[in-house]
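Report on the structure given below.
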Amino acid sequence: MTAPVRTARGSEELIRAEEPVLAHNYHPLPVVVARAEGAWVEDVEGRRYLDMLAGYSALNFGHRHPALVEAAHRQLDRLTLTSRAFHNDRLAGFAERLAALTGTDMVLPMNTGAEAVESGIKVARKWAYDVKGVPADRATIVVAADNFHGRTTTIVSFSTDETARSGFGPFTPGFRIVPYNDLAALEAAVDETTAAVLIEPIQGEAGVLIPDDGYLAGVRELTRRKGCLFVADEIQSGLGRTGHTLAVEHESVVPDVVLLGKALGGGIVPVSAVVGRRDVLGVLHPGEHGSTFGGNPLAAAVGTAVVELLETGAFQRRAAELDAVLREGLAALVGRGVVGFRARGLWAGVDVDPALGSGREISERLMREGILVKDTHGSTIRLAPPLTVTAEELTGALGTLEKVLTS
């Protein structure tokens with residue numbers, strides 16, 4: 001019997017349909033995206049929205065960037081997966097170019113951001129035992145309060161967000177939490193058991209918190225002096241978002257290990273990586289760590305195309321140039337619904353007057369006006385448009401924010 005032809009379902013029906021069959025680990029805005037290109041998305045009814053979130057920086061190059069889509073199509077016609085049981089013809093080129101782009105020696109390819117963080121933790125611990133000489137099972141890693149590195153059980157063990165932690169214990173030991181942007185507290189926490197200091201150069205989930213000038217350089221100096229690793233989580237902040245390839249470049253800092261993800265997959269496939277010095281990543285030996293999909297040919301092809309876009313420097317320059325547009329627009333709103341903001345490149349945390357609504361409520365109002373953003377804690381919203389956004393689109397979005405806050 002021929003199956004009956006079903007008419008396309010609308011947004012409200014699709015949202016209702018998710019309720020009984022999807023785990024409730026997200027609370028999305030009530031918009032159902034069906035198509036997208038560049039900085040714009042379209043819902044199932046054909047309404048258009050300017051995407052000012054860009055998949056938490058996974059879409060730095062916009063939706064369906066032609067060079068990335070072409071690279072994926074080409075590879076889909078040839079080879080998608082071998083596992084790391086065999087070599088594939090795309091992985092070496094990807095690793096060579098990513099290492100060159102980031103100024104590092106070696107690449108450990110993985111899939112998701114959380115996998116990159118977990119891998120970085122394992123590498124740091126192995127280095128501590130094999131190279132530094134920390135006694136077995138005694139290695140510690142120092143992290144910052146209000147961090148966001150993912151939601152695996154190990155990572156939530158050193159989160160200070162009770163929503164992420166509550167109900168998921170017992171927690172993994174071996175982590176010390178200090179205040180972010182506090183070098184004195186960091187110094188006090190590091191001792192002979194410390195394998196690494198793991199921090200975000202800018203704390204995204206916390207509201208795009210930017211540390212004081214000199215903090216990252218201070219972390220680099222302290223870790224070098226104390227004989228431990230500096231691991232920078234650039235999963236959100238890296239790959240052009242802040243006006244440099246890596247956010248640590250704002251202070252000319254070179255960490256021992258950098259964690260990458262999100263934009264590395266071009267918004268097409270999950271791609272992440274740990275990149276770093278040869279004497280650090282070289283502590284791994286066959287069988288000690290791996291991933292069936294890590295470094296797969298499709299991911300390597302798309303990741304190589306991403307690196308090619310960044311090698312020109314055009315996207316980094318664009319983010320740096322539009323930084324002024326974003327800052328000026330937000331500065332004009334301070335006292336007019338905005339109580340403060342923090343911005344670097346094309347990334348901003350905007351604190352809205354709580355009397356005007358929560359971050360979620362402001363996000364919903366912006367959605368109804370055709371602008372998609374995401375709230376974080378309290379009345380803070382995050383702006384992170386694709387690096388392909390135009391100055392006119394950015395100015396228009398800020399004008400809409402003004403309308404929402406002042407009407």
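Chain labels follow the order of the structure tokens: the first chain is A, the next B, and so on; residue numbering restarts at 1 in every chain, and ligands are counted from 1 in their shown order.
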
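The protein and nucleic acid residues lying at most 10 Å from Leu53 (chain A) are A:Ala39, A:Leu59, A:Asn60, A:Trp347, A:Ile371, A:Leu372, A:Val373, A:Lys374, A:Asp375, A:Ile381, A:Arg382, A:Leu383, A:Ala384, A:Pro385, A:Pro386, with only C-alpha atoms considered and sequence neighbours fewer than 6 positions away removed.
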
Output for the residues just chosen: N, CA, C and O atoms as a PDB file, in the first residue's frame:
ATOM      1  N   ALA A  39      24.232  34.755   6.714  1.00  0.00           N
ATOM      2  CA  ALA A  39      23.873  35.147   8.079  1.00  0.00           C
ATOM      3  C   ALA A  39      22.377  35.027   8.347  1.00  0.00           C
ATOM      4  O   ALA A  39      21.914  35.402   9.425  1.00  0.00           O
ATOM      5  N   LEU A  59      29.269  28.465  13.403  1.00  0.00           N
ATOM      6  CA  LEU A  59      28.969  28.987  12.070  1.00  0.00           C
ATOM      7  C   LEU A  59      29.695  30.304  11.826  1.00  0.00           C
ATOM      8  O   LEU A  59      29.134  31.265  11.302  1.00  0.00           O
ATOM      9  N   ASN A  60      30.967  30.352  12.192  1.00  0.00           N
ATOM     10  CA  ASN A  60      31.747  31.577  11.968  1.00  0.00           C
ATOM     11  C   ASN A  60      31.723  32.020  10.511  1.00  0.00           C
ATOM     12  O   ASN A  60      31.787  33.218  10.215  1.00  0.00           O
ATOM     13  N   TRP A 347      31.845  39.455  18.998  1.00  0.00           N
ATOM     14  CA  TRP A 347      31.370  38.676  20.142  1.00  0.00           C
ATOM     15  C   TRP A 347      31.085  39.642  21.277  1.00  0.00           C
ATOM     16  O   TRP A 347      31.935  40.464  21.628  1.00  0.00           O
ATOM     17  N   ILE A 371      15.304  38.728  14.764  1.00  0.00           N
ATOM     18  CA  ILE A 371      16.707  38.640  15.189  1.00  0.00           C
ATOM     19  C   ILE A 371      16.836  37.484  16.168  1.00  0.00           C
ATOM     20  O   ILE A 371      16.101  37.406  17.156  1.00  0.00           O
ATOM     21  N   LEU A 372      17.780  36.571  15.906  1.00  0.00           N
ATOM     22  CA  LEU A 372      17.993  35.426  16.783  1.00  0.00           C
ATOM     23  C   LEU A 372      19.257  35.611  17.620  1.00  0.00           C
ATOM     24  O   LEU A 372      20.357  35.783  17.079  1.00  0.00           O
ATOM     25  N   VAL A 373      19.081  35.591  18.940  1.00  0.00           N
ATOM     26  CA  VAL A 373      20.196  35.663  19.875  1.00  0.00           C
ATOM     27  C   VAL A 373      19.960  34.595  20.934  1.00  0.00           C
ATOM     28  O   VAL A 373      18.962  33.887  20.910  1.00  0.00           O
ATOM     29  N   LYS A 374      20.872  34.484  21.879  1.00  0.00           N
ATOM     30  CA  LYS A 374      20.717  33.518  22.973  1.00  0.00           C
ATOM     31  C   LYS A 374      21.039  34.195  24.285  1.00  0.00           C
ATOM     32  O   LYS A 374      22.015  34.941  24.396  1.00  0.00           O
ATOM     33  N   ASP A 375      20.198  33.917  25.265  1.00  0.00           N
ATOM     34  CA  ASP A 375      20.446  34.448  26.599  1.00  0.00           C
ATOM     35  C   ASP A 375      21.449  33.570  27.327  1.00  0.00           C
ATOM     36  O   ASP A 375      21.712  32.430  26.954  1.00  0.00           O
ATOM     37  N   ILE A 381      22.344  38.737  27.346  1.00  0.00           N
ATOM     38  CA  ILE A 381      22.231  38.062  26.058  1.00  0.00           C
ATOM     39  C   ILE A 381      23.590  38.079  25.375  1.00  0.00           C
ATOM     40  O   ILE A 381      24.426  38.935  25.645  1.00  0.00           O
ATOM     41  N   ARG A 382      23.803  37.082  24.505  1.00  0.00           N
ATOM     42  CA  ARG A 382      25.062  36.991  23.777  1.00  0.00           C
ATOM     43  C   ARG A 382      24.843  37.293  22.303  1.00  0.00           C
ATOM     44  O   ARG A 382      23.848  36.841  21.715  1.00  0.00           O
ATOM     45  N   LEU A 383      25.748  38.053  21.728  1.00  0.00           N
ATOM     46  CA  LEU A 383      25.736  38.338  20.302  1.00  0.00           C
ATOM     47  C   LEU A 383      26.997  37.741  19.693  1.00  0.00           C
ATOM     48  O   LEU A 383      28.106  38.044  20.128  1.00  0.00           O
ATOM     49  N   ALA A 384      26.818  36.881  18.708  1.00  0.00           N
ATOM     50  CA  ALA A 384      27.964  36.250  18.035  1.00  0.00           C
ATOM     51  C   ALA A 384      27.560  35.940  16.603  1.00  0.00           C
ATOM     52  O   ALA A 384      27.398  34.779  16.234  1.00  0.00           O
ATOM     53  N   PRO A 385      27.392  36.964  15.770  1.00  0.00           N
ATOM     54  CA  PRO A 385      26.933  36.724  14.398  1.00  0.00           C
ATOM     55  C   PRO A 385      28.014  36.027  13.570  1.00  0.00           C
ATOM     56  O   PRO A 385      29.196  36.033  13.942  1.00  0.00           O
ATOM     57  N   PRO A 386      27.638  35.422  12.449  1.00  0.00           N
ATOM     58  CA  PRO A 386      28.657  34.894  11.551  1.00  0.00           C
ATOM     59  C   PRO A 386      29.636  36.000  11.151  1.00  0.00           C
ATOM     60  O   PRO A 386      29.261  37.185  11.082  1.00  0.00           O
TER      61      PRO A 386
END

Which residues come within 10 Å of Asp182 (chain A), counting only C-alpha atoms, excluding same-chain residues fewer than 6 positions away, as a PyMOL selection string? chain A and resi 144+211-212+215+218-219

Convert the current residue selection to file output with all heavy atoms, as an mmCIF file, in the first residue's frame.
data_model
loop_
_atom_site.group_PDB
_atom_site.id
_atom_site.type_symbol
_atom_site.label_atom_id
_atom_site.label_comp_id
_atom_site.auth_asym_id
_atom_site.auth_seq_id
_atom_site.Cartn_x
_atom_site.Cartn_y
_atom_site.Cartn_z
ATOM 1 N N ALA A 144 39.108 27.689 36.154
ATOM 2 C CA ALA A 144 38.512 28.937 36.624
ATOM 3 C C ALA A 144 37.038 28.765 36.941
ATOM 4 O O ALA A 144 36.314 28.032 36.252
ATOM 5 C CB ALA A 144 38.685 30.038 35.572
ATOM 6 N N PRO A 211 39.080 38.958 30.354
ATOM 7 C CA PRO A 211 39.963 39.248 31.486
ATOM 8 C C PRO A 211 40.723 40.555 31.293
ATOM 9 O O PRO A 211 40.800 41.100 30.189
ATOM 10 C CB PRO A 211 40.918 38.056 31.499
ATOM 11 C CG PRO A 211 40.974 37.621 30.064
ATOM 12 C CD PRO A 211 39.585 37.858 29.524
ATOM 13 N N ASP A 212 41.294 41.037 32.380
ATOM 14 C CA ASP A 212 42.100 42.254 32.327
ATOM 15 C C ASP A 212 43.298 42.056 31.400
ATOM 16 O O ASP A 212 43.810 40.938 31.246
ATOM 17 C CB ASP A 212 42.623 42.611 33.727
ATOM 18 C CG ASP A 212 41.502 42.976 34.692
ATOM 19 O OD1 ASP A 212 40.411 43.360 34.222
ATOM 20 O OD2 ASP A 212 41.732 42.849 35.915
ATOM 21 N N TYR A 215 46.368 39.428 31.930
ATOM 22 C CA TYR A 215 46.015 38.189 32.627
ATOM 23 C C TYR A 215 46.537 36.967 31.885
ATOM 24 O O TYR A 215 47.177 36.095 32.476
ATOM 25 C CB TYR A 215 44.499 38.105 32.802
ATOM 26 C CG TYR A 215 44.020 36.798 33.393
ATOM 27 C CD1 TYR A 215 44.273 36.483 34.727
ATOM 28 C CD2 TYR A 215 43.314 35.882 32.617
ATOM 29 C CE1 TYR A 215 43.829 35.280 35.271
ATOM 30 C CE2 TYR A 215 42.860 34.685 33.155
ATOM 31 C CZ TYR A 215 43.118 34.376 34.482
ATOM 32 O OH TYR A 215 42.673 33.195 35.008
ATOM 33 N N GLY A 218 50.108 36.725 32.123
ATOM 34 C CA GLY A 218 50.465 36.301 33.476
ATOM 35 C C GLY A 218 50.288 34.803 33.673
ATOM 36 O O GLY A 218 51.108 34.156 34.343
ATOM 37 N N VAL A 219 49.224 34.244 33.094
ATOM 38 C CA VAL A 219 49.028 32.793 33.161
ATOM 39 C C VAL A 219 50.181 32.078 32.461
ATOM 40 O O VAL A 219 50.711 31.076 32.956
ATOM 41 C CB VAL A 219 47.679 32.392 32.526
ATOM 42 C CG1 VAL A 219 47.548 30.872 32.453
ATOM 43 C CG2 VAL A 219 46.512 32.985 33.315
#

Spatial neighbours of region 257-262 of chain A, max dist 6 Å, only C-alpha atoms, sep filter under 6 positions, as number ranges by chain: A: 58, 113, 116, 231-235, 271-276

Using the selection just defined, write its residues with N, CA, C and O atoms as a PDB file, in the first residue's frame.
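In the end it all went to out-v5.pdb:
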ATOM      1  N   ALA A  58      30.000  28.025  15.965  1.00  0.00           N
ATOM      2  CA  ALA A  58      30.212  26.921  15.031  1.00  0.00           C
ATOM      3  C   ALA A  58      30.006  27.373  13.592  1.00  0.00           C
ATOM      4  O   ALA A  58      30.517  26.750  12.660  1.00  0.00           O
ATOM      5  N   GLY A 113      33.559  19.548  20.818  1.00  0.00           N
ATOM      6  CA  GLY A 113      34.332  20.368  21.732  1.00  0.00           C
ATOM      7  C   GLY A 113      34.600  19.663  23.046  1.00  0.00           C
ATOM      8  O   GLY A 113      35.718  19.709  23.581  1.00  0.00           O
ATOM      9  N   ALA A 116      37.371  17.333  22.751  1.00  0.00           N
ATOM     10  CA  ALA A 116      38.672  18.008  22.733  1.00  0.00           C
ATOM     11  C   ALA A 116      39.120  18.329  24.151  1.00  0.00           C
ATOM     12  O   ALA A 116      40.293  18.162  24.504  1.00  0.00           O
ATOM     13  N   VAL A 231      46.844  25.283  29.084  1.00  0.00           N
ATOM     14  CA  VAL A 231      45.902  24.751  28.104  1.00  0.00           C
ATOM     15  C   VAL A 231      44.801  25.786  27.887  1.00  0.00           C
ATOM     16  O   VAL A 231      44.070  26.122  28.823  1.00  0.00           O
ATOM     17  N   ALA A 232      44.704  26.292  26.666  1.00  0.00           N
ATOM     18  CA  ALA A 232      43.714  27.331  26.350  1.00  0.00           C
ATOM     19  C   ALA A 232      42.545  26.712  25.594  1.00  0.00           C
ATOM     20  O   ALA A 232      42.736  26.098  24.542  1.00  0.00           O
ATOM     21  N   ASP A 233      41.353  26.872  26.140  1.00  0.00           N
ATOM     22  CA  ASP A 233      40.143  26.389  25.484  1.00  0.00           C
ATOM     23  C   ASP A 233      39.649  27.484  24.540  1.00  0.00           C
ATOM     24  O   ASP A 233      39.005  28.439  24.955  1.00  0.00           O
ATOM     25  N   GLU A 234      39.958  27.315  23.253  1.00  0.00           N
ATOM     26  CA  GLU A 234      39.577  28.294  22.228  1.00  0.00           C
ATOM     27  C   GLU A 234      38.419  27.766  21.371  1.00  0.00           C
ATOM     28  O   GLU A 234      38.250  28.179  20.219  1.00  0.00           O
ATOM     29  N   ILE A 235      37.613  26.882  21.934  1.00  0.00           N
ATOM     30  CA  ILE A 235      36.549  26.258  21.157  1.00  0.00           C
ATOM     31  C   ILE A 235      35.530  27.288  20.685  1.00  0.00           C
ATOM     32  O   ILE A 235      35.058  27.229  19.542  1.00  0.00           O
ATOM     33  N   VAL A 271      33.817  18.772  14.099  1.00  0.00           N
ATOM     34  CA  VAL A 271      35.274  18.595  14.019  1.00  0.00           C
ATOM     35  C   VAL A 271      35.895  19.336  15.196  1.00  0.00           C
ATOM     36  O   VAL A 271      35.576  20.502  15.436  1.00  0.00           O
ATOM     37  N   SER A 272      36.751  18.676  15.929  1.00  0.00           N
ATOM     38  CA  SER A 272      37.501  19.341  16.988  1.00  0.00           C
ATOM     39  C   SER A 272      38.931  18.839  16.956  1.00  0.00           C
ATOM     40  O   SER A 272      39.250  17.880  16.249  1.00  0.00           O
ATOM     41  N   ALA A 273      39.781  19.491  17.718  1.00  0.00           N
ATOM     42  CA  ALA A 273      41.183  19.082  17.726  1.00  0.00           C
ATOM     43  C   ALA A 273      41.885  19.628  18.953  1.00  0.00           C
ATOM     44  O   ALA A 273      41.536  20.700  19.473  1.00  0.00           O
ATOM     45  N   VAL A 274      42.873  18.878  19.397  1.00  0.00           N
ATOM     46  CA  VAL A 274      43.843  19.362  20.377  1.00  0.00           C
ATOM     47  C   VAL A 274      45.119  19.615  19.593  1.00  0.00           C
ATOM     48  O   VAL A 274      45.596  18.728  18.880  1.00  0.00           O
ATOM     49  N   VAL A 275      45.644  20.822  19.678  1.00  0.00           N
ATOM     50  CA  VAL A 275      46.897  21.135  18.988  1.00  0.00           C
ATOM     51  C   VAL A 275      47.911  21.619  20.009  1.00  0.00           C
ATOM     52  O   VAL A 275      47.554  22.243  21.011  1.00  0.00           O
ATOM     53  N   GLY A 276      49.186  21.300  19.766  1.00  0.00           N
ATOM     54  CA  GLY A 276      50.177  21.712  20.747  1.00  0.00           C
ATOM     55  C   GLY A 276      51.578  21.292  20.381  1.00  0.00           C
ATOM     56  O   GLY A 276      51.852  20.860  19.258  1.00  0.00           O
TER      57      GLY A 276
END

With only C-alpha atoms as the counted atoms, please give the residues lying no more than 9 Å from Gly267 (chain A), apart from itself and same-chain residues fewer than 3 positions off, as an MDAnalysis selection string. chainID A and resid 54:55 57:65 68 262:264 270

Please, which residues of region 181-364 of chain A, numbered as in this document, come out strand (DSSP E or B) from DSSP, as an NGL selection string? :A and (194-199 or 203 or 209 or 229-233 or 257-260 or 272-276 or 334 or 338-343 or 348-352)

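Closest approach to Leu98 (chain A) among A:Gly303, A:Gly290, A:Gly238, A:Gly120: A:Gly303, based on only C-alpha atoms.
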
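Residue nearest Met52 (chain A), chosen from A:Leu22, A:Val389, A:Val404, A:Val253 and counting only C-alpha atoms: A:Val389.
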
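Compared by their closest atoms to Thr312 (chain A), and using only C-alpha atoms, the residues A:Leu101, A:Ala355, A:Ala348, A:Val142 rank with A:Leu101 nearest.
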
With only C-alpha atoms as the counted atoms, please give the residues lying no more than 12 Å from Glu70 (chain A), apart from itself and same-chain residues fewer than 4 positions off, as a PyMOL selection string. chain A and resi 64-66+74-77+266+268+298+301-302+305-306

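CA of Pro255 (chain A) is found 16.2 Å from CA of Leu183 (chain A).
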
Two-atom distance - CA of Thr292 (chain A), CA of Arg97 (chain A) (Å): 22.0 Å

Determine, counting only C-alpha atoms, which protein, DNA and RNA residues have an atom within 8 Å of an atom of Ser379 (chain A); residues of the same chain fewer than 5 positions away are not included. Present the result as a PyMOL selection string. chain A and resi 351-354+357-360

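Closest approach to Leu186 (chain A) among A:Gly329, A:Ile199, A:Phe293, A:Ala136 is made by A:Ile199 (distances from only C-alpha atoms).
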
What are the DSSP helix (DSSP H, G or I) residues of region 97-211 of chain A, as a ChimeraX atom specification? /A:97-102,113-132,153-156,162-165,183-189

Exercise: Arg278 (chain A) partners within 12 Å, only C-alpha atoms, chain neighbours under 6 positions left out, as a PyMOL selection string: chain A and resi 99+103-108+123+127+256-257+284

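Among the candidates A:Glu402, A:Val307, A:Ile210, A:Cys228, the one nearest to Ala331 (chain A) when counting only C-alpha atoms is A:Glu402.
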